[in-house]
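Next comes structure-v8.txt, a file with compact mmCIF, N, CA and C atoms.
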```
# COMPACT_ATOMS: atom_id res chain seq x y z
N MET A 268 -29.93 -44.80 -33.93
CA MET A 268 -30.35 -43.91 -32.87
C MET A 268 -31.88 -43.82 -32.78
N PHE A 269 -32.57 -43.72 -33.91
CA PHE A 269 -34.02 -43.62 -33.91
C PHE A 269 -34.69 -44.90 -34.40
N GLY A 270 -33.91 -45.89 -34.81
CA GLY A 270 -34.45 -47.13 -35.34
C GLY A 270 -35.31 -47.91 -34.37
N LYS A 271 -35.08 -47.74 -33.08
CA LYS A 271 -35.87 -48.45 -32.08
C LYS A 271 -36.73 -47.50 -31.26
N ARG A 272 -36.94 -46.30 -31.77
CA ARG A 272 -37.78 -45.31 -31.09
C ARG A 272 -39.20 -45.37 -31.64
N LYS A 273 -40.14 -45.16 -30.78
CA LYS A 273 -41.56 -45.16 -31.15
C LYS A 273 -41.93 -43.79 -31.70
N LEU A 274 -42.67 -43.79 -32.81
CA LEU A 274 -43.25 -42.55 -33.29
C LEU A 274 -44.38 -42.21 -32.35
N GLY A 275 -44.25 -41.11 -31.63
CA GLY A 275 -45.21 -40.78 -30.59
C GLY A 275 -46.29 -39.82 -31.02
N ASN A 276 -45.92 -38.80 -31.80
CA ASN A 276 -46.86 -37.75 -32.15
C ASN A 276 -46.60 -37.20 -33.54
N ILE A 277 -47.61 -36.58 -34.08
CA ILE A 277 -47.46 -35.72 -35.24
C ILE A 277 -48.00 -34.37 -34.79
N CYS A 278 -47.17 -33.36 -34.84
CA CYS A 278 -47.49 -32.05 -34.31
C CYS A 278 -47.82 -31.08 -35.45
N TYR A 279 -48.96 -30.41 -35.32
CA TYR A 279 -49.40 -29.42 -36.30
C TYR A 279 -49.39 -28.03 -35.66
N TYR A 280 -48.96 -27.05 -36.42
CA TYR A 280 -49.12 -25.64 -36.04
C TYR A 280 -50.36 -25.14 -36.76
N VAL A 281 -51.27 -24.54 -36.02
CA VAL A 281 -52.54 -24.09 -36.60
C VAL A 281 -52.81 -22.64 -36.22
N SER A 282 -53.61 -21.98 -37.04
CA SER A 282 -53.89 -20.57 -36.80
C SER A 282 -55.09 -20.35 -35.87
N ASP A 283 -55.98 -21.35 -35.74
CA ASP A 283 -57.19 -21.18 -34.95
C ASP A 283 -57.50 -22.49 -34.23
N ILE A 284 -57.29 -22.51 -32.92
CA ILE A 284 -57.49 -23.72 -32.12
C ILE A 284 -58.96 -24.16 -32.13
N ASP A 285 -59.89 -23.21 -32.01
CA ASP A 285 -61.31 -23.56 -31.98
C ASP A 285 -61.75 -24.20 -33.30
N ARG A 286 -61.35 -23.61 -34.41
CA ARG A 286 -61.72 -24.15 -35.73
C ARG A 286 -61.10 -25.53 -35.92
N THR A 287 -59.85 -25.70 -35.49
CA THR A 287 -59.17 -26.99 -35.60
C THR A 287 -59.87 -28.04 -34.75
N GLU A 288 -60.23 -27.67 -33.53
CA GLU A 288 -60.93 -28.61 -32.64
C GLU A 288 -62.23 -29.08 -33.28
N ALA A 289 -63.02 -28.16 -33.80
CA ALA A 289 -64.29 -28.50 -34.42
C ALA A 289 -64.09 -29.41 -35.63
N PHE A 290 -63.10 -29.12 -36.46
CA PHE A 290 -62.86 -29.92 -37.66
C PHE A 290 -62.48 -31.35 -37.31
N TYR A 291 -61.48 -31.53 -36.46
CA TYR A 291 -61.00 -32.87 -36.16
C TYR A 291 -62.00 -33.67 -35.32
N ARG A 292 -62.83 -32.98 -34.52
CA ARG A 292 -63.86 -33.65 -33.73
C ARG A 292 -65.10 -33.94 -34.58
N ASP A 293 -65.65 -32.91 -35.22
CA ASP A 293 -66.95 -33.03 -35.89
C ASP A 293 -66.85 -33.60 -37.31
N VAL A 294 -65.80 -33.26 -38.03
CA VAL A 294 -65.66 -33.73 -39.40
C VAL A 294 -64.89 -35.05 -39.46
N MET A 295 -63.76 -35.10 -38.77
CA MET A 295 -62.91 -36.29 -38.81
C MET A 295 -63.36 -37.37 -37.83
N GLY A 296 -64.13 -37.00 -36.80
CA GLY A 296 -64.65 -37.97 -35.85
C GLY A 296 -63.64 -38.43 -34.81
N LEU A 297 -62.59 -37.64 -34.58
CA LEU A 297 -61.58 -38.00 -33.58
C LEU A 297 -61.99 -37.51 -32.20
N ASP A 298 -61.53 -38.20 -31.18
CA ASP A 298 -61.73 -37.77 -29.81
C ASP A 298 -60.66 -36.71 -29.52
N VAL A 299 -61.06 -35.46 -29.53
CA VAL A 299 -60.14 -34.34 -29.35
C VAL A 299 -60.26 -33.82 -27.93
N GLN A 300 -59.13 -33.69 -27.26
CA GLN A 300 -59.11 -33.15 -25.90
C GLN A 300 -58.40 -31.81 -25.91
N ARG A 301 -59.00 -30.84 -25.24
CA ARG A 301 -58.37 -29.52 -25.10
C ARG A 301 -57.54 -29.54 -23.83
N MET A 302 -56.27 -29.14 -23.96
CA MET A 302 -55.35 -29.14 -22.84
C MET A 302 -55.01 -27.69 -22.49
N GLU A 303 -54.87 -27.42 -21.21
CA GLU A 303 -54.53 -26.07 -20.77
C GLU A 303 -53.05 -25.80 -21.02
N GLY A 304 -52.76 -24.69 -21.67
CA GLY A 304 -51.39 -24.33 -21.97
C GLY A 304 -50.69 -23.68 -20.80
N ASP A 305 -49.38 -23.60 -20.89
CA ASP A 305 -48.56 -22.96 -19.86
C ASP A 305 -48.45 -21.46 -20.13
N GLY A 306 -49.58 -20.77 -20.13
CA GLY A 306 -49.58 -19.33 -20.39
C GLY A 306 -49.49 -18.96 -21.86
N GLU A 307 -49.41 -19.96 -22.74
CA GLU A 307 -49.31 -19.70 -24.17
C GLU A 307 -50.56 -20.13 -24.91
N GLY A 308 -51.67 -20.30 -24.20
CA GLY A 308 -52.92 -20.71 -24.83
C GLY A 308 -53.09 -22.22 -24.80
N ASP A 309 -54.34 -22.62 -24.98
CA ASP A 309 -54.67 -24.04 -24.98
C ASP A 309 -54.10 -24.73 -26.21
N TRP A 310 -53.97 -26.05 -26.10
CA TRP A 310 -53.54 -26.88 -27.22
C TRP A 310 -54.42 -28.11 -27.24
N LEU A 311 -54.38 -28.85 -28.32
CA LEU A 311 -55.25 -30.00 -28.51
C LEU A 311 -54.45 -31.27 -28.70
N ILE A 312 -55.07 -32.39 -28.29
CA ILE A 312 -54.50 -33.70 -28.54
C ILE A 312 -55.62 -34.62 -29.01
N ALA A 313 -55.36 -35.35 -30.08
CA ALA A 313 -56.33 -36.31 -30.62
C ALA A 313 -55.60 -37.63 -30.79
N SER A 314 -56.07 -38.65 -30.09
CA SER A 314 -55.44 -39.96 -30.14
C SER A 314 -55.99 -40.77 -31.31
N THR A 315 -55.12 -41.58 -31.90
CA THR A 315 -55.54 -42.47 -32.97
C THR A 315 -55.46 -43.90 -32.47
N VAL A 316 -56.08 -44.81 -33.18
CA VAL A 316 -56.16 -46.20 -32.79
C VAL A 316 -54.77 -46.87 -32.68
N ASN A 317 -53.82 -46.44 -33.49
CA ASN A 317 -52.49 -47.06 -33.45
C ASN A 317 -51.56 -46.40 -32.44
N GLY A 318 -52.09 -45.49 -31.62
CA GLY A 318 -51.30 -44.90 -30.55
C GLY A 318 -50.51 -43.66 -30.92
N VAL A 319 -50.60 -43.21 -32.16
CA VAL A 319 -49.91 -41.98 -32.56
C VAL A 319 -50.87 -40.82 -32.32
N ASP A 320 -50.47 -39.89 -31.48
CA ASP A 320 -51.32 -38.75 -31.17
C ASP A 320 -51.08 -37.63 -32.17
N LEU A 321 -52.16 -36.93 -32.52
CA LEU A 321 -52.06 -35.69 -33.28
C LEU A 321 -52.13 -34.56 -32.25
N ILE A 322 -51.17 -33.67 -32.31
CA ILE A 322 -51.11 -32.56 -31.35
C ILE A 322 -51.16 -31.26 -32.14
N PHE A 323 -51.92 -30.31 -31.63
CA PHE A 323 -52.14 -29.04 -32.32
C PHE A 323 -51.80 -27.88 -31.40
N PHE A 324 -50.90 -27.01 -31.86
CA PHE A 324 -50.53 -25.80 -31.14
C PHE A 324 -50.87 -24.59 -31.99
N LYS A 325 -51.36 -23.54 -31.36
CA LYS A 325 -51.57 -22.30 -32.10
C LYS A 325 -50.22 -21.63 -32.30
N MET A 326 -49.85 -21.52 -33.56
CA MET A 326 -48.55 -20.95 -33.90
C MET A 326 -48.57 -20.62 -35.38
N GLU A 327 -47.77 -19.68 -35.79
CA GLU A 327 -47.71 -19.33 -37.20
C GLU A 327 -47.32 -20.57 -38.00
N SER A 328 -48.09 -20.83 -39.02
CA SER A 328 -47.84 -22.01 -39.84
C SER A 328 -47.74 -21.62 -41.30
N HIS A 329 -46.80 -22.24 -41.96
CA HIS A 329 -46.70 -22.10 -43.41
C HIS A 329 -46.19 -23.42 -43.95
N PRO A 330 -46.46 -23.71 -45.21
CA PRO A 330 -46.03 -25.00 -45.76
C PRO A 330 -44.54 -25.24 -45.50
N GLY A 331 -44.25 -26.42 -45.00
CA GLY A 331 -42.87 -26.77 -44.73
C GLY A 331 -42.52 -26.80 -43.25
N ASN A 332 -43.29 -26.09 -42.39
CA ASN A 332 -42.96 -26.13 -40.98
C ASN A 332 -43.99 -26.92 -40.16
N SER A 333 -44.97 -27.51 -40.82
CA SER A 333 -45.98 -28.27 -40.11
C SER A 333 -46.63 -29.22 -41.12
N PRO A 334 -46.92 -30.46 -40.80
CA PRO A 334 -46.74 -31.09 -39.50
C PRO A 334 -45.29 -31.51 -39.26
N ILE A 335 -45.01 -31.82 -38.01
CA ILE A 335 -43.70 -32.28 -37.59
C ILE A 335 -43.86 -33.67 -36.97
N ILE A 336 -43.05 -34.60 -37.41
CA ILE A 336 -43.04 -35.94 -36.83
C ILE A 336 -42.26 -35.88 -35.52
N VAL A 337 -42.81 -36.48 -34.47
CA VAL A 337 -42.18 -36.43 -33.15
C VAL A 337 -41.87 -37.85 -32.68
N PHE A 338 -40.58 -38.10 -32.42
CA PHE A 338 -40.16 -39.38 -31.87
C PHE A 338 -40.17 -39.30 -30.34
N GLU A 339 -40.66 -40.36 -29.71
CA GLU A 339 -40.71 -40.44 -28.26
C GLU A 339 -39.38 -40.96 -27.72
N ILE A 340 -38.79 -40.24 -26.79
CA ILE A 340 -37.55 -40.65 -26.14
C ILE A 340 -37.95 -41.14 -24.73
N ALA A 341 -38.49 -42.35 -24.69
CA ALA A 341 -39.10 -42.88 -23.47
C ALA A 341 -38.11 -43.07 -22.33
N ASP A 342 -36.87 -43.42 -22.65
CA ASP A 342 -35.89 -43.71 -21.60
C ASP A 342 -35.05 -42.50 -21.23
N GLY A 343 -35.29 -41.35 -21.83
CA GLY A 343 -34.53 -40.14 -21.52
C GLY A 343 -33.26 -40.03 -22.35
N GLY A 344 -32.47 -39.02 -22.01
CA GLY A 344 -31.21 -38.80 -22.70
C GLY A 344 -31.31 -37.83 -23.87
N ILE A 345 -32.31 -36.95 -23.88
CA ILE A 345 -32.48 -36.03 -25.00
C ILE A 345 -31.26 -35.15 -25.21
N ASP A 346 -30.61 -34.72 -24.12
CA ASP A 346 -29.41 -33.88 -24.25
C ASP A 346 -28.30 -34.65 -24.98
N ASP A 347 -28.14 -35.94 -24.65
CA ASP A 347 -27.11 -36.77 -25.28
C ASP A 347 -27.39 -36.95 -26.77
N ILE A 348 -28.65 -37.15 -27.11
CA ILE A 348 -29.02 -37.36 -28.51
C ILE A 348 -28.75 -36.09 -29.32
N VAL A 349 -29.15 -34.94 -28.80
CA VAL A 349 -28.92 -33.68 -29.50
C VAL A 349 -27.42 -33.44 -29.68
N SER A 350 -26.65 -33.72 -28.67
CA SER A 350 -25.20 -33.57 -28.76
C SER A 350 -24.61 -34.49 -29.83
N SER A 351 -25.08 -35.72 -29.88
CA SER A 351 -24.60 -36.68 -30.87
C SER A 351 -24.97 -36.24 -32.29
N LEU A 352 -26.21 -35.77 -32.47
CA LEU A 352 -26.63 -35.28 -33.78
C LEU A 352 -25.78 -34.09 -34.22
N ALA A 353 -25.58 -33.14 -33.33
CA ALA A 353 -24.76 -31.97 -33.65
C ALA A 353 -23.34 -32.39 -34.01
N GLY A 354 -22.82 -33.38 -33.29
CA GLY A 354 -21.48 -33.89 -33.58
C GLY A 354 -21.35 -34.53 -34.95
N LYS A 355 -22.49 -34.96 -35.50
CA LYS A 355 -22.51 -35.56 -36.84
C LYS A 355 -22.81 -34.51 -37.91
N GLY A 356 -22.86 -33.25 -37.52
CA GLY A 356 -23.09 -32.17 -38.47
C GLY A 356 -24.54 -31.89 -38.77
N VAL A 357 -25.46 -32.45 -37.99
CA VAL A 357 -26.88 -32.23 -38.20
C VAL A 357 -27.25 -30.83 -37.71
N THR A 358 -28.10 -30.14 -38.45
CA THR A 358 -28.57 -28.81 -38.05
C THR A 358 -29.61 -28.95 -36.95
N ILE A 359 -29.33 -28.38 -35.80
CA ILE A 359 -30.28 -28.35 -34.70
C ILE A 359 -31.14 -27.11 -34.88
N VAL A 360 -32.42 -27.30 -35.12
CA VAL A 360 -33.34 -26.19 -35.39
C VAL A 360 -33.76 -25.53 -34.08
N THR A 361 -34.11 -26.35 -33.09
CA THR A 361 -34.50 -25.86 -31.77
C THR A 361 -33.73 -26.66 -30.72
N PRO A 362 -32.92 -25.99 -29.91
CA PRO A 362 -32.21 -26.73 -28.86
C PRO A 362 -33.21 -27.30 -27.85
N VAL A 363 -32.74 -28.15 -26.97
CA VAL A 363 -33.62 -28.73 -25.96
C VAL A 363 -34.31 -27.61 -25.21
N SER A 364 -35.64 -27.66 -25.20
CA SER A 364 -36.41 -26.61 -24.54
C SER A 364 -37.67 -27.21 -23.92
N HIS A 365 -38.27 -26.43 -23.02
CA HIS A 365 -39.47 -26.87 -22.31
C HIS A 365 -40.62 -27.11 -23.29
N ALA A 366 -41.33 -28.20 -23.08
CA ALA A 366 -42.55 -28.52 -23.82
C ALA A 366 -43.57 -29.00 -22.79
N PRO A 367 -44.85 -29.02 -23.08
CA PRO A 367 -45.83 -29.45 -22.08
C PRO A 367 -45.47 -30.82 -21.48
N GLY A 368 -45.16 -30.83 -20.19
CA GLY A 368 -44.86 -32.08 -19.49
C GLY A 368 -43.48 -32.65 -19.74
N GLY A 369 -42.63 -31.92 -20.42
CA GLY A 369 -41.30 -32.47 -20.69
C GLY A 369 -40.39 -31.55 -21.45
N TRP A 370 -39.59 -32.17 -22.32
CA TRP A 370 -38.55 -31.48 -23.08
C TRP A 370 -38.63 -31.90 -24.54
N SER A 371 -38.32 -30.98 -25.44
CA SER A 371 -38.31 -31.32 -26.85
C SER A 371 -37.13 -30.64 -27.53
N SER A 372 -36.82 -31.12 -28.72
CA SER A 372 -35.80 -30.52 -29.56
C SER A 372 -36.12 -30.88 -31.00
N GLU A 373 -35.76 -30.00 -31.92
CA GLU A 373 -35.98 -30.26 -33.34
C GLU A 373 -34.68 -30.15 -34.10
N PHE A 374 -34.58 -30.97 -35.13
CA PHE A 374 -33.43 -30.92 -36.02
C PHE A 374 -33.92 -31.08 -37.45
N ALA A 375 -33.04 -30.81 -38.42
CA ALA A 375 -33.44 -30.86 -39.82
C ALA A 375 -32.73 -32.00 -40.54
N ASP A 376 -33.46 -32.63 -41.47
CA ASP A 376 -32.83 -33.62 -42.34
C ASP A 376 -32.10 -32.87 -43.46
N PRO A 377 -31.41 -33.55 -44.35
CA PRO A 377 -30.62 -32.85 -45.37
C PRO A 377 -31.44 -31.93 -46.28
N ASP A 378 -32.74 -32.18 -46.42
CA ASP A 378 -33.58 -31.31 -47.25
C ASP A 378 -34.27 -30.21 -46.46
N GLY A 379 -34.00 -30.14 -45.16
CA GLY A 379 -34.59 -29.10 -44.33
C GLY A 379 -35.89 -29.48 -43.66
N HIS A 380 -36.34 -30.74 -43.81
CA HIS A 380 -37.55 -31.18 -43.13
C HIS A 380 -37.27 -31.30 -41.63
N VAL A 381 -38.15 -30.75 -40.83
CA VAL A 381 -37.96 -30.75 -39.38
C VAL A 381 -38.44 -32.06 -38.78
N ILE A 382 -37.63 -32.63 -37.91
CA ILE A 382 -37.95 -33.84 -37.15
C ILE A 382 -37.79 -33.47 -35.68
N SER A 383 -38.71 -33.92 -34.86
CA SER A 383 -38.70 -33.55 -33.45
C SER A 383 -38.55 -34.78 -32.58
N MET A 384 -38.13 -34.54 -31.35
CA MET A 384 -38.09 -35.59 -30.33
C MET A 384 -38.62 -34.99 -29.04
N TYR A 385 -39.18 -35.86 -28.20
CA TYR A 385 -39.80 -35.41 -26.95
C TYR A 385 -39.56 -36.46 -25.87
N GLN A 386 -39.30 -35.97 -24.66
CA GLN A 386 -39.24 -36.85 -23.50
C GLN A 386 -39.94 -36.16 -22.34
N THR A 387 -40.48 -36.95 -21.43
CA THR A 387 -41.15 -36.39 -20.26
C THR A 387 -40.11 -35.92 -19.24
N THR A 388 -40.59 -35.17 -18.26
CA THR A 388 -39.71 -34.72 -17.18
C THR A 388 -39.40 -35.85 -16.20
N GLU A 389 -40.07 -36.98 -16.36
CA GLU A 389 -39.90 -38.11 -15.43
C GLU A 389 -38.62 -38.90 -15.67
N VAL A 390 -37.96 -38.67 -16.80
CA VAL A 390 -36.72 -39.39 -17.10
C VAL A 390 -35.59 -38.37 -17.23
N PRO A 391 -34.33 -38.80 -17.00
CA PRO A 391 -33.22 -37.84 -17.04
C PRO A 391 -32.93 -37.31 -18.44
N ARG A 392 -32.53 -36.05 -18.49
CA ARG A 392 -32.18 -35.45 -19.78
C ARG A 392 -30.87 -36.01 -20.31
N SER A 393 -30.01 -36.49 -19.44
CA SER A 393 -28.75 -37.10 -19.87
C SER A 393 -28.60 -38.47 -19.21
N LEU A 394 -28.10 -39.43 -19.99
CA LEU A 394 -27.88 -40.79 -19.47
C LEU A 394 -26.39 -41.07 -19.29
N LYS A 395 -25.55 -40.07 -19.59
CA LYS A 395 -24.11 -40.26 -19.46
C LYS A 395 -23.76 -40.36 -17.99
N LYS A 396 -22.88 -41.28 -17.70
CA LYS A 396 -22.41 -41.47 -16.33
C LYS A 396 -21.40 -40.37 -15.98
N VAL A 397 -21.59 -39.75 -14.82
CA VAL A 397 -20.66 -38.74 -14.33
C VAL A 397 -19.68 -39.41 -13.39
N ALA A 398 -18.39 -39.24 -13.69
CA ALA A 398 -17.35 -39.90 -12.87
C ALA A 398 -17.10 -39.18 -11.60
```
Translate this file's structure into C-alpha cells.
Amino acid sequence: MFGKRKLGNICYYVSDIDRTEAFYRDVMGLDVQRMEGDGEGDWLIASTVNGVDLIFFKMESHPGNSPIIVFEIADGGIDDIVSSLAGKGVTIVTPVSHAPGGWSSEFADPDGHVISMYQTTEVPRSLKKVA
C-alpha cells in the first residue's frame, strides 16, 4: 500500500513559529517560507534538495508526537486507504480531515508511532467505482 508512495513531508509541531523560522533559516540555512494559515495561524515550509519538505505547525508538542512522517497520496483515494487500514486492525489516530490545500489522516504503527498521509483537493478522496 505504501511501498510505491513518495515520502512527501516530515511534519513538526512547534511551540513558537517565529523562533522555528529563525532557527531553520539562519542556523540551518534552509529556504523557509511562511504560509498563511486557515485561521489557525501561519505555518512554515522548508524544502530540501531531495524533495522532502519540512513542515512546521504551531501546536502542542511533546516527545513522541512530533515529527511525523507524511506519505504523499498523489493519485487520491485517501478514504479508501484509511478504510483498508482500519479493516486490518490499524489504529486510526486522526480520521480524514482538512489540511492546508487538501486532506490528511494519521494512523499508528504497532508501537504507537504516528504515520501520516496527505492528498491535495485536486484528486478524489475515493477511487472506488460506484455502480
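What separates CA of Pro367 (chain A) from CA of Lys355 (chain A) is a distance of 28.3 Å.
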Item to check | Contacts of region 387-393 of chain A at 8 Å (only N, CA and C atoms; same-chain gap of 2+ positions) as a list in words | outcome: Glu339, Ile340, Ala341, Asp342, Gly343, Gly344, Ile345, Asp346, Asp347, Ile348, Pro367, Gly368, Gly369, Trp370, Ser371, Tyr385, Lys395 and Lys396 of chain A
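The shortest atom-to-atom distance to Tyr280 (chain A), with only C-alpha atoms taken into account, belongs to A:Ile336 out of A:Met302, A:Met268, A:Ile336, A:Met295.
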Item to check | DSSP strand (DSSP E) selection over chain A, as JSON, numbers by chain | outcome: {"A": [273, 274, 275, 276, 277, 278, 279, 280, 281, 299, 300, 301, 302, 310, 311, 312, 313, 314, 320, 321, 322, 323, 324, 325, 335, 336, 337, 338, 339, 359, 360, 361, 362, 363, 364, 365, 366, 369, 370, 371, 372, 373, 374, 375, 381, 382, 383, 384, 385, 386, 387]}
Output for the residues just chosen: N, CA and C atoms as a compact mmCIF listing (two decimals), in the coordinates of the input:
```
# COMPACT_ATOMS: atom_id res chain seq x y z
N LYS A 273 -40.14 -45.16 -30.78
CA LYS A 273 -41.56 -45.16 -31.15
C LYS A 273 -41.93 -43.79 -31.70
N LEU A 274 -42.67 -43.79 -32.81
CA LEU A 274 -43.25 -42.55 -33.29
C LEU A 274 -44.38 -42.21 -32.35
N GLY A 275 -44.25 -41.11 -31.63
CA GLY A 275 -45.21 -40.78 -30.59
C GLY A 275 -46.29 -39.82 -31.02
N ASN A 276 -45.92 -38.80 -31.80
CA ASN A 276 -46.86 -37.75 -32.15
C ASN A 276 -46.60 -37.20 -33.54
N ILE A 277 -47.61 -36.58 -34.08
CA ILE A 277 -47.46 -35.72 -35.24
C ILE A 277 -48.00 -34.37 -34.79
N CYS A 278 -47.17 -33.36 -34.84
CA CYS A 278 -47.49 -32.05 -34.31
C CYS A 278 -47.82 -31.08 -35.45
N TYR A 279 -48.96 -30.41 -35.32
CA TYR A 279 -49.40 -29.42 -36.30
C TYR A 279 -49.39 -28.03 -35.66
N TYR A 280 -48.96 -27.05 -36.42
CA TYR A 280 -49.12 -25.64 -36.04
C TYR A 280 -50.36 -25.14 -36.76
N VAL A 281 -51.27 -24.54 -36.02
CA VAL A 281 -52.54 -24.09 -36.60
C VAL A 281 -52.81 -22.64 -36.22
N VAL A 299 -61.06 -35.46 -29.53
CA VAL A 299 -60.14 -34.34 -29.35
C VAL A 299 -60.26 -33.82 -27.93
N GLN A 300 -59.13 -33.69 -27.26
CA GLN A 300 -59.11 -33.15 -25.90
C GLN A 300 -58.40 -31.81 -25.91
N ARG A 301 -59.00 -30.84 -25.24
CA ARG A 301 -58.37 -29.52 -25.10
C ARG A 301 -57.54 -29.54 -23.83
N MET A 302 -56.27 -29.14 -23.96
CA MET A 302 -55.35 -29.14 -22.84
C MET A 302 -55.01 -27.69 -22.49
N TRP A 310 -53.97 -26.05 -26.10
CA TRP A 310 -53.54 -26.88 -27.22
C TRP A 310 -54.42 -28.11 -27.24
N LEU A 311 -54.38 -28.85 -28.32
CA LEU A 311 -55.25 -30.00 -28.51
C LEU A 311 -54.45 -31.27 -28.70
N ILE A 312 -55.07 -32.39 -28.29
CA ILE A 312 -54.50 -33.70 -28.54
C ILE A 312 -55.62 -34.62 -29.01
N ALA A 313 -55.36 -35.35 -30.08
CA ALA A 313 -56.33 -36.31 -30.62
C ALA A 313 -55.60 -37.63 -30.79
N SER A 314 -56.07 -38.65 -30.09
CA SER A 314 -55.44 -39.96 -30.14
C SER A 314 -55.99 -40.77 -31.31
N ASP A 320 -50.47 -39.89 -31.48
CA ASP A 320 -51.32 -38.75 -31.17
C ASP A 320 -51.08 -37.63 -32.17
N LEU A 321 -52.16 -36.93 -32.52
CA LEU A 321 -52.06 -35.69 -33.28
C LEU A 321 -52.13 -34.56 -32.25
N ILE A 322 -51.17 -33.67 -32.31
CA ILE A 322 -51.11 -32.56 -31.35
C ILE A 322 -51.16 -31.26 -32.14
N PHE A 323 -51.92 -30.31 -31.63
CA PHE A 323 -52.14 -29.04 -32.32
C PHE A 323 -51.80 -27.88 -31.40
N PHE A 324 -50.90 -27.01 -31.86
CA PHE A 324 -50.53 -25.80 -31.14
C PHE A 324 -50.87 -24.59 -31.99
N LYS A 325 -51.36 -23.54 -31.36
CA LYS A 325 -51.57 -22.30 -32.10
C LYS A 325 -50.22 -21.63 -32.30
N ILE A 335 -45.01 -31.82 -38.01
CA ILE A 335 -43.70 -32.28 -37.59
C ILE A 335 -43.86 -33.67 -36.97
N ILE A 336 -43.05 -34.60 -37.41
CA ILE A 336 -43.04 -35.94 -36.83
C ILE A 336 -42.26 -35.88 -35.52
N VAL A 337 -42.81 -36.48 -34.47
CA VAL A 337 -42.18 -36.43 -33.15
C VAL A 337 -41.87 -37.85 -32.68
N PHE A 338 -40.58 -38.10 -32.42
CA PHE A 338 -40.16 -39.38 -31.87
C PHE A 338 -40.17 -39.30 -30.34
N GLU A 339 -40.66 -40.36 -29.71
CA GLU A 339 -40.71 -40.44 -28.26
C GLU A 339 -39.38 -40.96 -27.72
N ILE A 359 -29.33 -28.38 -35.80
CA ILE A 359 -30.28 -28.35 -34.70
C ILE A 359 -31.14 -27.11 -34.88
N VAL A 360 -32.42 -27.30 -35.12
CA VAL A 360 -33.34 -26.19 -35.39
C VAL A 360 -33.76 -25.53 -34.08
N THR A 361 -34.11 -26.35 -33.09
CA THR A 361 -34.50 -25.86 -31.77
C THR A 361 -33.73 -26.66 -30.72
N PRO A 362 -32.92 -25.99 -29.91
CA PRO A 362 -32.21 -26.73 -28.86
C PRO A 362 -33.21 -27.30 -27.85
N VAL A 363 -32.74 -28.15 -26.97
CA VAL A 363 -33.62 -28.73 -25.96
C VAL A 363 -34.31 -27.61 -25.21
N SER A 364 -35.64 -27.66 -25.20
CA SER A 364 -36.41 -26.61 -24.54
C SER A 364 -37.67 -27.21 -23.92
N HIS A 365 -38.27 -26.43 -23.02
CA HIS A 365 -39.47 -26.87 -22.31
C HIS A 365 -40.62 -27.11 -23.29
N ALA A 366 -41.33 -28.20 -23.08
CA ALA A 366 -42.55 -28.52 -23.82
C ALA A 366 -43.57 -29.00 -22.79
N GLY A 369 -42.63 -31.92 -20.42
CA GLY A 369 -41.30 -32.47 -20.69
C GLY A 369 -40.39 -31.55 -21.45
N TRP A 370 -39.59 -32.17 -22.32
CA TRP A 370 -38.55 -31.48 -23.08
C TRP A 370 -38.63 -31.90 -24.54
N SER A 371 -38.32 -30.98 -25.44
CA SER A 371 -38.31 -31.32 -26.85
C SER A 371 -37.13 -30.64 -27.53
N SER A 372 -36.82 -31.12 -28.72
CA SER A 372 -35.80 -30.52 -29.56
C SER A 372 -36.12 -30.88 -31.00
N GLU A 373 -35.76 -30.00 -31.92
CA GLU A 373 -35.98 -30.26 -33.34
C GLU A 373 -34.68 -30.15 -34.10
N PHE A 374 -34.58 -30.97 -35.13
CA PHE A 374 -33.43 -30.92 -36.02
C PHE A 374 -33.92 -31.08 -37.45
N ALA A 375 -33.04 -30.81 -38.42
CA ALA A 375 -33.44 -30.86 -39.82
C ALA A 375 -32.73 -32.00 -40.54
N VAL A 381 -38.15 -30.75 -40.83
CA VAL A 381 -37.96 -30.75 -39.38
C VAL A 381 -38.44 -32.06 -38.78
N ILE A 382 -37.63 -32.63 -37.91
CA ILE A 382 -37.95 -33.84 -37.15
C ILE A 382 -37.79 -33.47 -35.68
N SER A 383 -38.71 -33.92 -34.86
CA SER A 383 -38.70 -33.55 -33.45
C SER A 383 -38.55 -34.78 -32.58
N MET A 384 -38.13 -34.54 -31.35
CA MET A 384 -38.09 -35.59 -30.33
C MET A 384 -38.62 -34.99 -29.04
N TYR A 385 -39.18 -35.86 -28.20
CA TYR A 385 -39.80 -35.41 -26.95
C TYR A 385 -39.56 -36.46 -25.87
N GLN A 386 -39.30 -35.97 -24.66
CA GLN A 386 -39.24 -36.85 -23.50
C GLN A 386 -39.94 -36.16 -22.34
N THR A 387 -40.48 -36.95 -21.43
CA THR A 387 -41.15 -36.39 -20.26
C THR A 387 -40.11 -35.92 -19.24
```
Checklist entry - If you count only C-alpha atoms, which residues fall within 7 Å of region 320-329 of chain A, apart from same-chain ones fewer than 3 positions away, as an NGL selection string? => result :A and (275-284 or 310-315 or 332-333)
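Every residue of region 280-383 of chain A with a DSSP assignment of alpha helix (DSSP H), taken from the backbone, is listed as Ile284, Asp285, Arg286, Thr287, Glu288, Ala289, Ile345, Asp346, Asp347, Ile348, Val349, Ser350, Ser351, Leu352, Ala353 and Gly354 of chain A.
Note that atom N of Asn317 (chain A) and atom N of Arg286 (chain A) are 24.1 Å apart.
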Item to check | Non-local contacts of Ala375 (chain A) (6.5 Å; only N, CA and C atoms; under 2 positions in same chain excluded) as JSON, numbers by chain | outcome: {"A": [357, 358, 359, 360, 373, 377, 378, 379, 380, 381, 382]}
Next on the checklist: One number please: CA of Glu303 (chain A) to CA of Ala366 (chain A), in Å, one decimal.
Outcome noted: 12.6 Å
Next on the checklist: Counting only C-alpha atoms, which residue out of A:Phe269, A:Asp376, A:Leu394, A:Ser383 sits closest to Thr361 (chain A)?
Outcome noted: A:Ser383
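Minimum atom-to-atom distances from A:Glu288, A:Ser351, A:Val337, A:Asp305 to His365 (chain A) were compared using only C-alpha atoms, and the lowest value belongs to A:Asp305.
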